[in-house]
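Enquirer: This is the structure I want to talk about, given as structure tokens.
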Amino acid sequence: MKISRATAMKIVTELESIIHQDINVVDASAHIIAGTTPSRIGTFHGATQKLLSEKLPVLKIYHDEEYEGTRRGINLPLEIEGETVGVIGVTGDCDEVEPYGRIIKKMTEILLLDDYLKEQKSRARNTRNRFVQEWVFGEAHKINQEFFNLGLTMDIDISRARRVLVASASANQRESNYVVSQAVIDSIERVIEKILQEDPQNLSLINGSKFVWLVTDRPDERILELVSLIRREVFTSCGVHLKVGADSLCTSAEQVRDGYRRAEKALWGSRHSTGHGEVTFYDDIGMELFVNDIPEKSRQEFIHKVFRGCSDEEIDQWVSLLSTFFSCNGSIGQTAQKLFLHKNTLQYRLNKLRERTGYDPRNLEDSSLFYIAIVFYESDSGI
């Protein structure tokens, strides 16, 4: 184990505030890497070299420069899990500082061990995350016996059937292009991981701003219960809503990548789906199944054909109005209420749209054209 400068400085600062003594932390190369006297940091410490080379339990220095770069005081080895990783030195008269020496040594070792265990936990977590990312986003032919065995070393059994869910954060129930800070993402992740601990084989990772969950196989009713709990806890703790899409099938190890794609489509289709409020299943979506298979150029041509003669800004405004209109199943009263408009004002705007484009959203056949155009528009806008 190598002591980092940042860790050593943090330890020195904490100890100094408690014990009020001059302290130095020296690494295995016999150089001071942290201390209460800044001018000594980076200098060679001869006493450490002697203590480490001769494996001494303690080395007292009675005169300054008795060894190169040293001052009077007491020096003690720092041992972590049987390995000597450096030396802690307390400057001063040996008889005066000796009572503090072993206390400081033990406190430093505790702090170093805590930091070491955190680092090991972080490394293990990163390794685990890379494994899950490779599983979800990697090439299917790599999901073989070797990959299976690697998973077992991390207590991940990829042979277990799982359901794939994808979630994104939003400021409210409808917004989906919400920008989330890294701090909020980290907070959401902690909440999710705590809940998913219900089964050690549940897995989670972050892909950009999306949260991906691989939960052990269970029926839709239990998926709904789990998602409801997660959404409630995330909103309570972080103040944001989660939109969730779920694959409708349990997936084998080789199918996880396809399961992710289906769950992602379900998430994207959640704004249009009439399915469950807590989570949208792949089986609940319609056009969202294939909208991204249509070339963007073709989608744009269709949008401008339906909203012909309208500027981009006007199209954005019409999409907002019509999205609300369709979500209210074409009810003039409900739409006007949601948009804070008088019903006559809403009728006037719909008439204006009909005159402008030649299509009437109150007509069943024409409304389908507007609906498709809205789906294309939201797809290209990342909404």
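Residue numbers start at 1 in each chain; chains themselves are named A, B, ... in the order of the structure tokens; ligands are numbered from 1 in the order shown.
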Can you pull out every residue within 12 Å of Trp135 (chain A), counting only C-alpha atoms, but drop anything in the same chain fewer than 6 positions away, and send it as a VMD selection string?
Expert: chain A and resid 128 to 129 141 to 144 147 to 148 150 to 151 156 to 159 203 to 205 214 252 to 260
Enquirer: The selected residues should be written to file as a short mmCIF file (atom, residue, chain, number, x, y, z; two decimals), in the first residue's frame (atoms: N, CA, C and O atoms).
Expert:
data_model
loop_
_atom_site.label_atom_id
_atom_site.label_comp_id
_atom_site.auth_asym_id
_atom_site.auth_seq_id
_atom_site.Cartn_x
_atom_site.Cartn_y
_atom_site.Cartn_z
N ARG A 128 -16.77 -3.91 -10.76
CA ARG A 128 -18.11 -4.49 -10.92
C ARG A 128 -18.93 -3.72 -11.95
O ARG A 128 -19.61 -4.31 -12.78
N ASN A 129 -18.84 -2.39 -11.89
CA ASN A 129 -19.58 -1.55 -12.84
C ASN A 129 -19.11 -1.78 -14.27
O ASN A 129 -19.91 -1.84 -15.20
N HIS A 141 -21.07 -11.90 -28.46
CA HIS A 141 -20.23 -13.10 -28.51
C HIS A 141 -19.26 -13.21 -27.33
O HIS A 141 -18.67 -14.27 -27.10
N LYS A 142 -19.11 -12.11 -26.59
CA LYS A 142 -18.21 -12.13 -25.43
C LYS A 142 -18.89 -12.69 -24.18
O LYS A 142 -18.25 -12.88 -23.15
N ILE A 143 -20.21 -12.89 -24.27
CA ILE A 143 -20.94 -13.45 -23.13
C ILE A 143 -20.78 -14.97 -23.19
O ILE A 143 -21.65 -15.70 -23.68
N ASN A 144 -19.65 -15.45 -22.70
CA ASN A 144 -19.31 -16.87 -22.78
C ASN A 144 -18.99 -17.41 -21.40
O ASN A 144 -19.20 -16.75 -20.38
N PHE A 147 -16.67 -15.26 -19.36
CA PHE A 147 -17.36 -14.09 -18.81
C PHE A 147 -18.21 -14.51 -17.61
O PHE A 147 -18.27 -13.81 -16.59
N PHE A 148 -18.86 -15.66 -17.73
CA PHE A 148 -19.66 -16.20 -16.62
C PHE A 148 -18.80 -16.41 -15.39
O PHE A 148 -19.16 -16.02 -14.27
N LEU A 150 -15.94 -14.99 -14.66
CA LEU A 150 -15.49 -13.70 -14.15
C LEU A 150 -16.57 -13.08 -13.27
O LEU A 150 -16.28 -12.51 -12.22
N GLY A 151 -17.81 -13.20 -13.69
CA GLY A 151 -18.90 -12.66 -12.88
C GLY A 151 -18.98 -13.31 -11.52
O GLY A 151 -19.23 -12.64 -10.51
N ILE A 156 -21.58 -12.22 -9.03
CA ILE A 156 -22.62 -11.92 -10.02
C ILE A 156 -22.87 -13.19 -10.83
O ILE A 156 -21.97 -13.68 -11.51
N ASP A 157 -24.09 -13.69 -10.74
CA ASP A 157 -24.46 -14.89 -11.49
C ASP A 157 -25.25 -14.45 -12.72
O ASP A 157 -26.44 -14.14 -12.63
N ILE A 158 -24.58 -14.40 -13.88
CA ILE A 158 -25.26 -13.90 -15.08
C ILE A 158 -26.26 -14.92 -15.64
O ILE A 158 -27.02 -14.60 -16.55
N SER A 159 -26.25 -16.14 -15.09
CA SER A 159 -27.20 -17.14 -15.57
C SER A 159 -28.60 -16.90 -15.01
O SER A 159 -29.58 -17.47 -15.51
N LEU A 203 -28.68 -5.63 -9.96
CA LEU A 203 -27.53 -4.85 -10.40
C LEU A 203 -28.00 -3.49 -10.91
O LEU A 203 -29.12 -3.36 -11.40
N SER A 204 -27.12 -2.51 -10.82
CA SER A 204 -27.46 -1.18 -11.33
C SER A 204 -26.21 -0.50 -11.86
O SER A 204 -25.10 -0.80 -11.43
N LEU A 205 -26.41 0.39 -12.80
CA LEU A 205 -25.31 1.21 -13.31
C LEU A 205 -25.89 2.48 -13.89
O LEU A 205 -27.11 2.61 -14.06
N LEU A 214 -30.84 -4.04 -13.50
CA LEU A 214 -31.06 -5.44 -13.87
C LEU A 214 -31.53 -6.14 -12.60
O LEU A 214 -30.74 -6.41 -11.70
N SER A 252 -32.28 -13.73 -20.63
CA SER A 252 -31.13 -14.56 -20.29
C SER A 252 -29.88 -13.71 -20.43
O SER A 252 -29.94 -12.56 -20.86
N ALA A 253 -28.74 -14.27 -20.08
CA ALA A 253 -27.48 -13.50 -20.11
C ALA A 253 -27.22 -12.93 -21.50
O ALA A 253 -26.79 -11.78 -21.64
N GLU A 254 -27.49 -13.71 -22.54
CA GLU A 254 -27.20 -13.28 -23.91
C GLU A 254 -28.19 -12.24 -24.41
O GLU A 254 -27.94 -11.56 -25.41
N GLN A 255 -29.33 -12.09 -23.73
CA GLN A 255 -30.39 -11.20 -24.20
C GLN A 255 -30.44 -9.87 -23.46
O GLN A 255 -31.30 -9.03 -23.74
N VAL A 256 -29.54 -9.68 -22.50
CA VAL A 256 -29.59 -8.47 -21.69
C VAL A 256 -29.46 -7.20 -22.54
O VAL A 256 -30.14 -6.20 -22.31
N ARG A 257 -28.59 -7.24 -23.54
CA ARG A 257 -28.40 -6.07 -24.40
C ARG A 257 -29.69 -5.71 -25.12
O ARG A 257 -30.06 -4.54 -25.20
N ASP A 258 -30.39 -6.73 -25.65
CA ASP A 258 -31.67 -6.48 -26.31
C ASP A 258 -32.71 -6.00 -25.31
O ASP A 258 -33.55 -5.15 -25.62
N GLY A 259 -32.65 -6.55 -24.10
CA GLY A 259 -33.57 -6.12 -23.05
C GLY A 259 -33.39 -4.65 -22.72
O GLY A 259 -34.37 -3.92 -22.50
N TYR A 260 -32.12 -4.20 -22.71
CA TYR A 260 -31.85 -2.78 -22.45
C TYR A 260 -32.47 -1.92 -23.56
O TYR A 260 -33.08 -0.89 -23.27
#
Enquirer: Report the residues of region 179-240 of chain A whose backbone DSSP state falls under strand (DSSP E), written as a list in words.
Expert: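 Taking region 179-240 of chain A and keeping strand (DSSP E) gives Leu203, Ser204, Leu205, Ile206, Asn207, Lys210, Phe211, Val212, Trp213, Leu214, Val215 and Thr216 of chain A.
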Enquirer: Just asking: which residues within region 172-380 of chain A are helix (DSSP H, G or I) according to DSSP, as a PyMOL selection string?
Expert: chain A and resi 182-196+220-238+253-271+282-284+287-289+291-293+296-306+312-327+332-338+343-357+364-380
Enquirer: Any idea what's packed within 9 Å of Lys210 (chain A), counting only C-alpha atoms, ignoring anything in its chain fewer than 3 positions away? Could you give it as a ChimeraX atom specification?
Expert: /A:166-169,205-207
Enquirer: Quick one: everything within 10 Å of region 112-125 of chain A, counting only C-alpha atoms, minus sequence neighbours fewer than 5 positions away in the same chain. Send it as JSON, numbers by chain.
Expert: {"A": [1, 2, 3, 4, 7, 8, 11, 78, 79, 80, 81, 85, 106, 107, 130, 131, 154]}
Enquirer: Which one of A:Phe326, A:Leu267, A:Thr216, A:Ile192 sits closest to Ser237 (chain A) if you count only C-alpha atoms?
Expert: A:Ile192
Enquirer: Using only C-alpha atoms, which residue out of A:Lys105, A:Arg162, A:His45, A:Lys50 lies closest to Thr70 (chain A)?
Expert: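 When distances to Thr70 (chain A) are compared using only C-alpha atoms, the smallest one comes from A:His45.
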Enquirer: Ranking A:Thr280, A:Asp93, A:Asn202, A:Tyr100 by minimum distance to Ser228 (chain A) and counting only C-alpha atoms, which one comes first?
Expert: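 Selected residue with least distance to Ser228 (chain A): A:Thr280.
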Enquirer: How far is it from CA of Ser181 (chain A) to CA of Phe211 (chain A), in Å with one decimal?
Expert: 13.9 Å
Enquirer: Quick one: pull the distance between CA of Gly89 (chain A) and CA of Asp27 (chain A), Å, one decimal.
Expert: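 Straight-line distance from CA of Gly89 (chain A) to CA of Asp27 (chain A) works out to 11.1 Å.
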Enquirer: So that I can see what lies close to Asp217 (chain A), please list as a JSON list (two decimals) with N, CA, C and O atoms, in the first residue's frame the residues with an atom at most 10 Å from it, counting only C-alpha atoms and leaving out residues fewer than 2 positions away in the same chain.
Expert:
[["chain", "number", "residue", "atom", "x", "y", "z"],
["A", 160, "ARG", "N", -28.72, -16.06, -13.98],
["A", 160, "ARG", "CA", -30.03, -15.73, -13.41],
["A", 160, "ARG", "C", -30.84, -14.90, -14.39],
["A", 160, "ARG", "O", -30.34, -13.93, -14.95],
["A", 161, "ALA", "N", -32.10, -15.26, -14.59],
["A", 161, "ALA", "CA", -32.98, -14.47, -15.46],
["A", 161, "ALA", "C", -33.26, -13.13, -14.79],
["A", 161, "ALA", "O", -33.47, -13.07, -13.57],
["A", 162, "ARG", "N", -33.27, -12.08, -15.58],
["A", 162, "ARG", "CA", -33.46, -10.74, -15.03],
["A", 162, "ARG", "C", -34.41, -9.92, -15.89],
["A", 162, "ARG", "O", -34.59, -10.20, -17.07],
["A", 163, "ARG", "N", -34.96, -8.88, -15.27],
["A", 163, "ARG", "CA", -35.75, -7.88, -15.98],
["A", 163, "ARG", "C", -34.89, -6.62, -16.08],
["A", 163, "ARG", "O", -34.21, -6.23, -15.12],
["A", 164, "VAL", "N", -34.92, -5.96, -17.23],
["A", 164, "VAL", "CA", -34.11, -4.75, -17.45],
["A", 164, "VAL", "C", -35.02, -3.54, -17.40],
["A", 164, "VAL", "O", -36.07, -3.50, -18.05],
["A", 202, "ASN", "N", -29.49, -8.26, -7.74],
["A", 202, "ASN", "CA", -29.93, -7.06, -8.44],
["A", 202, "ASN", "C", -28.70, -6.22, -8.79],
["A", 202, "ASN", "O", -27.77, -6.09, -7.97],
["A", 214, "LEU", "N", -30.84, -4.04, -13.50],
["A", 214, "LEU", "CA", -31.06, -5.44, -13.87],
["A", 214, "LEU", "C", -31.53, -6.14, -12.60],
["A", 214, "LEU", "O", -30.74, -6.41, -11.70],
["A", 215, "VAL", "N", -32.83, -6.37, -12.52],
["A", 215, "VAL", "CA", -33.39, -6.95, -11.30],
["A", 215, "VAL", "C", -33.78, -8.40, -11.57],
["A", 215, "VAL", "O", -34.15, -8.77, -12.69],
["A", 219, "PRO", "N", -42.76, -10.99, -11.65],
["A", 219, "PRO", "CA", -43.90, -10.58, -12.48],
["A", 219, "PRO", "C", -44.08, -9.06, -12.49],
["A", 219, "PRO", "O", -43.50, -8.35, -11.67],
["A", 220, "ASP", "N", -44.89, -8.59, -13.45],
["A", 220, "ASP", "CA", -45.11, -7.16, -13.60],
["A", 220, "ASP", "C", -45.59, -6.50, -12.31],
["A", 220, "ASP", "O", -45.21, -5.36, -12.00],
["A", 222, "ARG", "N", -44.84, -7.14, -9.25],
["A", 222, "ARG", "CA", -43.73, -6.86, -8.33],
["A", 222, "ARG", "C", -42.77, -5.83, -8.91],
["A", 222, "ARG", "O", -42.13, -5.09, -8.16],
["A", 223, "ILE", "N", -42.67, -5.78, -10.24],
["A", 223, "ILE", "CA", -41.89, -4.70, -10.86],
["A", 223, "ILE", "C", -42.53, -3.36, -10.52],
["A", 223, "ILE", "O", -41.83, -2.40, -10.16],
["A", 249, "LEU", "N", -40.14, -8.68, -20.89],
["A", 249, "LEU", "CA", -39.72, -10.08, -20.81],
["A", 249, "LEU", "C", -38.58, -10.24, -19.84],
["A", 249, "LEU", "O", -37.82, -9.30, -19.61],
["A", 250, "CYS", "N", -38.45, -11.43, -19.26],
["A", 250, "CYS", "CA", -37.23, -11.72, -18.53],
["A", 250, "CYS", "C", -36.18, -12.10, -19.56],
["A", 250, "CYS", "O", -36.49, -12.65, -20.61],
["A", 251, "THR", "N", -34.94, -11.78, -19.28],
["A", 251, "THR", "CA", -33.89, -11.99, -20.27],
["A", 251, "THR", "C", -32.82, -12.93, -19.74],
["A", 251, "THR", "O", -32.47, -12.91, -18.57],
["A", 252, "SER", "N", -32.28, -13.73, -20.63],
["A", 252, "SER", "CA", -31.13, -14.56, -20.29],
["A", 252, "SER", "C", -29.88, -13.71, -20.43],
["A", 252, "SER", "O", -29.94, -12.56, -20.86]]
Enquirer: Considering only C-alpha atoms, can you say which of A:Asp247, A:Gly35, A:Asp380, A:Val58 comes closest to Ile294 (chain A)?
Expert: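 Answer, going by the shortest atom-to-atom distance: A:Asp380.
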Enquirer: Quick one: residues within 10 Å of region 306-321 of chain A, only C-alpha atoms counted, chain neighbours fewer than 6 positions away excluded, as a ChimeraX atom specification?
Expert: /A:335-336,338-339,346,349-350,353-354,356-359,366,369-375,377-378,381
Enquirer: Tell me which protein, DNA and RNA residues are within 12 Å of Arg71 (chain A), counting only C-alpha atoms, leaving out same-chain ones fewer than 3 positions away, and put them as a list of chain:residue names.
Expert: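 Surrounding residues, per the criterion: A:Asp22, A:Ile23, A:Asn24, A:Thr37, A:Arg40, A:Phe44, A:His45, A:Gly46, A:Ala47, A:Thr48, A:Leu59, A:Lys60, A:Ile61, A:Tyr62, A:His63, A:Asp64, A:Glu65, A:Glu66, A:Tyr67, A:Glu68, A:Ile74, A:Asn75, A:Gly89, A:Val90, A:Thr91, A:Gly92, A:Asp93, A:Cys94.
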Enquirer: Any chance you could export the current selection's C-alpha atoms as an mmCIF file, in the first residue's frame?
Expert:
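Generated output (out-v5.cif):
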data_model
loop_
_atom_site.group_PDB
_atom_site.id
_atom_site.type_symbol
_atom_site.label_atom_id
_atom_site.label_comp_id
_atom_site.auth_asym_id
_atom_site.auth_seq_id
_atom_site.Cartn_x
_atom_site.Cartn_y
_atom_site.Cartn_z
ATOM 1 C CA ASP A 22 4.153 19.002 15.188
ATOM 2 C CA ILE A 23 3.592 15.874 13.097
ATOM 3 C CA ASN A 24 5.132 14.474 9.923
ATOM 4 C CA THR A 37 5.728 22.436 8.858
ATOM 5 C CA ARG A 40 9.811 20.161 5.348
ATOM 6 C CA PHE A 44 14.506 13.451 2.838
ATOM 7 C CA HIS A 45 14.087 11.989 6.344
ATOM 8 C CA GLY A 46 17.143 9.951 7.347
ATOM 9 C CA ALA A 47 15.618 8.557 10.534
ATOM 10 C CA THR A 48 12.853 6.897 8.521
ATOM 11 C CA LEU A 59 13.465 5.489 16.814
ATOM 12 C CA LYS A 60 14.063 8.416 19.150
ATOM 13 C CA ILE A 61 16.023 11.441 17.969
ATOM 14 C CA TYR A 62 17.569 13.555 20.730
ATOM 15 C CA HIS A 63 19.267 16.203 18.581
ATOM 16 C CA ASP A 64 18.303 18.012 15.375
ATOM 17 C CA GLU A 65 20.094 16.686 12.282
ATOM 18 C CA GLU A 66 21.179 13.555 14.162
ATOM 19 C CA TYR A 67 20.128 11.991 10.848
ATOM 20 C CA GLU A 68 19.781 13.884 7.586
ATOM 21 C CA ILE A 74 9.998 10.199 18.208
ATOM 22 C CA ASN A 75 9.426 8.148 15.034
ATOM 23 C CA GLY A 89 7.091 11.399 13.418
ATOM 24 C CA VAL A 90 6.255 13.686 16.349
ATOM 25 C CA THR A 91 8.656 16.599 16.806
ATOM 26 C CA GLY A 92 9.765 17.719 20.275
ATOM 27 C CA ASP A 93 11.542 16.613 23.406
ATOM 28 C CA CYS A 94 11.416 12.810 23.420
#
Enquirer: Please report the interatomic distance between CA of Leu226 (chain A) and CA of Cys328 (chain A) in Å with one decimal.
Expert: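 Separation of CA of Leu226 (chain A) and CA of Cys328 (chain A): 28.6 Å.
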Enquirer: Hey, which of A:Leu52, A:Pro77, A:Phe376, A:Ile188 ends up closest to Ser298 (chain A)? Count only C-alpha atoms.
Expert: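 Checking each candidate against Ser298 (chain A), we get A:Phe376 as the closest.
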